>>> print(open('upload-v3.tsv').read())   # TSV, C-alpha atoms
chain	number	residue	atom	x	y	z
A	1	MET	CA	-43.63	-17.43	17.17
A	2	PHE	CA	-42.79	-14.44	14.94
A	3	ASN	CA	-39.97	-13.31	17.25
A	4	ARG	CA	-38.44	-16.78	17.18
A	5	LEU	CA	-38.56	-16.75	13.39
A	6	VAL	CA	-36.86	-13.34	13.24
A	7	ASP	CA	-34.20	-14.52	15.70
A	8	TRP	CA	-33.60	-17.65	13.60
A	9	ILE	CA	-33.29	-15.61	10.39
A	10	LEU	CA	-30.89	-13.13	12.00
A	11	PHE	CA	-28.81	-15.93	13.52
A	12	ASN	CA	-28.58	-17.93	10.28
A	13	GLU	CA	-28.14	-14.96	7.99
A	14	LYS	CA	-25.06	-15.35	5.83
A	15	LYS	CA	-22.40	-12.92	6.85
A	16	PRO	CA	-20.45	-11.31	4.02
A	17	VAL	CA	-17.03	-12.82	3.68
A	18	SER	CA	-14.25	-10.30	3.44
A	19	ASN	CA	-11.71	-10.93	0.72
A	20	LYS	CA	-9.44	-8.23	2.09
A	21	PHE	CA	-5.84	-9.34	2.09
A	22	ASN	CA	-4.14	-8.83	5.44
A	23	THR	CA	-0.75	-7.40	4.52
A	24	HIS	CA	0.41	-7.01	8.11
A	25	LYS	CA	-0.05	-10.72	8.88
A	26	LYS	CA	1.76	-11.78	5.71
A	27	ILE	CA	4.73	-9.50	6.41
A	28	ASN	CA	4.95	-10.64	10.03
A	29	GLY	CA	4.74	-14.26	8.85
A	30	LEU	CA	7.65	-13.71	6.48
A	31	MET	CA	9.66	-11.98	9.22
A	32	GLU	CA	9.03	-14.91	11.59
A	33	LYS	CA	10.21	-17.36	8.91
A	34	GLY	CA	13.59	-15.66	8.94
A	35	HIS	CA	13.18	-13.19	6.09
A	36	LEU	CA	15.06	-10.12	7.23
A	37	LYS	CA	13.78	-8.07	4.34
A	38	VAL	CA	10.41	-8.11	2.61
A	39	ASN	CA	9.85	-6.79	-0.91
A	40	VAL	CA	6.68	-4.78	-1.39
A	41	HIS	CA	5.35	-3.54	-4.71
A	42	LEU	CA	3.07	-0.52	-4.71
A	43	ASN	CA	1.02	-1.28	-7.82
A	44	PHE	CA	-0.58	1.83	-9.25
A	45	THR	CA	-4.32	1.87	-9.90
A	46	ASN	CA	-5.63	2.95	-13.31
A	47	LYS	CA	-5.98	6.56	-12.15
A	48	GLY	CA	-2.58	6.34	-10.47
A	49	LYS	CA	-1.00	5.18	-13.73
A	50	LEU	CA	-2.48	8.14	-15.58
A	51	VAL	CA	-1.09	10.56	-13.02
A	52	ILE	CA	2.44	9.13	-12.83
A	53	GLU	CA	2.79	9.49	-16.61
A	54	ASN	CA	3.26	13.20	-15.91
A	55	PHE	CA	6.47	12.46	-13.95
A	56	ASN	CA	9.82	10.91	-14.74
A	57	ASN	CA	11.46	8.16	-12.66
A	58	GLU	CA	13.76	10.49	-10.75
A	59	GLU	CA	10.86	12.71	-9.69
A	60	LEU	CA	8.77	9.74	-8.56
A	61	ILE	CA	11.66	8.23	-6.59
A	62	GLU	CA	12.33	11.60	-4.95
A	63	ILE	CA	8.66	12.17	-4.06
A	64	PHE	CA	8.11	8.69	-2.66
A	65	SER	CA	11.44	8.70	-0.79
A	66	ARG	CA	10.69	12.04	0.82
A	67	TYR	CA	7.24	10.98	2.04
A	68	ILE	CA	8.47	7.54	3.14
A	69	ASN	CA	11.31	9.11	5.15
A	70	THR	CA	8.86	11.48	6.84
A	71	LEU	CA	6.51	8.64	7.78
A	72	THR	CA	9.28	6.38	9.09
A	73	LYS	CA	9.86	8.96	11.82
A	74	LYS	CA	6.33	8.22	13.01
A	75	TYR	CA	6.22	4.44	12.35
A	76	ALA	CA	8.68	1.78	13.52
A	77	VAL	CA	9.77	0.38	10.16
A	78	ASP	CA	12.85	0.68	7.97
A	79	ILE	CA	12.15	1.14	4.27
A	80	LYS	CA	14.64	1.28	1.45
A	81	VAL	CA	13.85	2.48	-2.06
A	82	PRO	CA	16.06	0.49	-4.45
A	83	VAL	CA	16.85	2.80	-7.35
A	84	ASP	CA	17.95	-0.06	-9.60
A	85	ALA	CA	14.59	-1.86	-9.17
A	86	ASN	CA	12.67	1.34	-9.93
A	87	GLN	CA	14.15	2.16	-13.35
A	88	ASN	CA	10.83	1.94	-15.26
A	89	ILE	CA	8.16	2.98	-12.78
A	90	VAL	CA	5.72	4.32	-15.38
A	91	GLU	CA	6.13	1.33	-17.71
A	92	ASP	CA	5.97	-1.23	-14.87
A	93	GLY	CA	3.08	0.52	-13.15
A	94	SER	CA	4.71	-0.35	-9.87
A	95	PHE	CA	6.98	1.26	-7.26
A	96	LYS	CA	9.18	-1.16	-5.33
A	97	VAL	CA	10.33	-0.85	-1.72
A	98	VAL	CA	12.12	-3.16	0.75
A	99	LEU	CA	10.89	-3.37	4.35
A	100	SER	CA	12.93	-4.44	7.36
A	101	ASN	CA	12.61	-4.17	11.15
A	102	VAL	CA	8.82	-4.02	10.88
A	103	GLN	CA	7.33	-3.17	14.27
A	104	CYS	CA	4.20	-1.33	13.23
A	105	ASP	CA	0.97	-1.82	11.31
A	106	VAL	CA	2.22	-1.60	7.73
A	107	GLU	CA	-1.30	-1.37	6.31
A	108	THR	CA	-1.79	1.87	8.24
A	109	PHE	CA	1.64	3.07	7.13
A	110	PHE	CA	0.85	2.52	3.44
A	111	LYS	CA	-2.66	3.98	3.76
A	112	GLU	CA	-1.14	7.14	5.19
A	113	LEU	CA	1.54	7.14	2.49
A	114	GLY	CA	-1.15	6.81	-0.17
A	115	ARG	CA	-3.05	9.73	1.31
A	116	ASP	CA	0.05	11.93	1.66
A	117	ILE	CA	1.47	11.13	-1.77
A	118	LYS	CA	-1.64	12.52	-3.44
A	119	VAL	CA	-0.58	16.08	-2.57
A	120	PRO	CA	2.35	16.35	-5.02
A	121	LEU	CA	0.66	14.12	-7.59
A	122	LYS	CA	-2.48	16.29	-7.72
A	123	LYS	CA	-0.41	19.27	-8.79
A	124	ARG	CA	-0.01	17.80	-12.28
A	125	THR	CA	-3.48	16.41	-12.81
A	126	ASP	CA	-6.95	17.79	-13.42
A	127	GLY	CA	-9.55	15.82	-11.60
A	128	LYS	CA	-10.13	13.95	-8.45
A	129	LEU	CA	-7.47	11.52	-7.35
A	130	GLU	CA	-8.57	8.58	-5.23
A	131	ASN	CA	-6.46	5.53	-4.38
A	132	VAL	CA	-3.09	5.84	-6.04
A	133	PHE	CA	-1.69	2.35	-5.41
A	134	LYS	CA	-2.39	-1.09	-3.98
A	135	ILE	CA	0.04	-3.05	-1.84
A	136	GLN	CA	1.49	-6.37	-3.00
A	137	VAL	CA	3.86	-8.33	-0.76
A	138	VAL	CA	6.39	-10.28	-2.83
A	139	GLU	CA	7.99	-13.34	-1.24
>>> encode(input="upload-v3.tsv", output="structure tokens")
Amino acid sequence: MFNRLVDWILFNEKKPVSNKFNTHKKINGLMEKGHLKVNVHLNFTNKGKLVIENFNNEELIEIFSRYINTLTKKYAVDIKVPVDANQNIVEDGSFKVVLSNVQCDVETFFKELGRDIKVPLKKRTDGKLENVFKIQVVE
């Protein structure tokens, strides 16, 4: 009787619902709808915003472009950094990129970018730097 009760409790236990947004599915969905390019905003976290205040726009564009170009050799995706859309990175709290020809897991791409981008950003900060940005797909 006890074992049946435990089995029933385990079977009917509420599973946590994940609210994680699946960026890869959304981008692929947009690509299938005929969108040749997808705009993505890399919204800086609170700690990320504090760190990027130590840089000017040109430095941030150069850093992000360099790391994005390095990663695109490893991942099958074309990414453009529009300079005109990134005129006020610190004030906007966001870095904008345009994706095309996406044939990879973009979540993994941006996770690796977030990890790699910490290296130059840490040079001008005192403390521990965790997540620098969050991904937002803009339709």
>>> atom_distance(input="upload-v3.tsv", atom1="atom CA of Val132 of chain A", atom2="atom CA of Leu50 of chain A")
9.8 Å
>>> closest_residue(input="upload-v3.tsv", among="A:Val77, A:Ile117, A:Ile63, A:Ile135", to="Gln103 of chain A", atoms="all atoms listed in the file")
A:Val77
>>> atom_distance(input="upload-v3.tsv", atom1="atom CA of Val106 of chain A", atom2="atom CA of Tyr67 of chain A")
14.7 Å
>>> residues_around(input="upload-v3.tsv", residues="Glu53 of chain A", least_positions_apart="6", cutoff="12 Å", atoms="all atoms listed in the file", output="list in words")
Phe44, Asn46, Lys47, Glu59, Leu60, Asn88, Ile89, Val90, Glu91, Asp92, Gly93, Leu121, Arg124 and Thr125 of chain A
>>> atom_distance(input="upload-v3.tsv", atom1="atom CA of Phe110 of chain A", atom2="atom CA of Val137 of chain A")
12.0 Å
>>> residues_around(input="upload-v3.tsv", residues="Phe133 of chain A", least_positions_apart="4", cutoff="9 Å", atoms="only C-alpha atoms", output="VMD selection string")
chain A and resid 42 to 46 48 to 49 94 to 95 114
>>> closest_residue(input="upload-v3.tsv", among="A:Gln87, A:Lys37, A:Lys96, A:Thr108", to="Thr72 of chain A", atoms="only C-alpha atoms")
A:Thr108
>>> residues_around(input="upload-v3.tsv", residues="Lys122 of chain A", least_positions_apart="3", cutoff="12 Å", atoms="all atoms listed in the file", output="VMD selection string")
chain A and resid 47 to 48 50 to 52 54 to 55 115 to 119 125 to 132
>>> residues_around(input="upload-v3.tsv", residues="Val97 of chain A", least_positions_apart="4", cutoff="7 Å", atoms="only C-alpha atoms", output="short mmCIF file (atom, residue, chain, number, x, y, z; two decimals) with C-alpha atoms, keeping the file's coordinate frame")
data_model
loop_
_atom_site.label_atom_id
_atom_site.label_comp_id
_atom_site.auth_asym_id
_atom_site.auth_seq_id
_atom_site.Cartn_x
_atom_site.Cartn_y
_atom_site.Cartn_z
CA ASN A 39 9.85 -6.79 -0.91
CA VAL A 40 6.68 -4.78 -1.39
CA HIS A 41 5.35 -3.54 -4.71
CA ILE A 79 12.15 1.14 4.27
CA LYS A 80 14.64 1.28 1.45
CA VAL A 81 13.85 2.48 -2.06
CA PRO A 82 16.06 0.49 -4.45
#
>>> closest_residue(input="upload-v3.tsv", among="A:Lys134, A:Glu139, A:Leu113, A:Val83", to="Arg66 of chain A", atoms="all atoms listed in the file")
A:Leu113
>>> axis_aligned_box(input="upload-v3.tsv", around="segment 70-83 of chain A", padding_each_side="6 Å", output="AutoDock Vina command-line options")
--center_x 11.5 --center_y 5.9 --center_z 3.1 --size_x 22.6 --size_y 23.1 --size_z 32.9
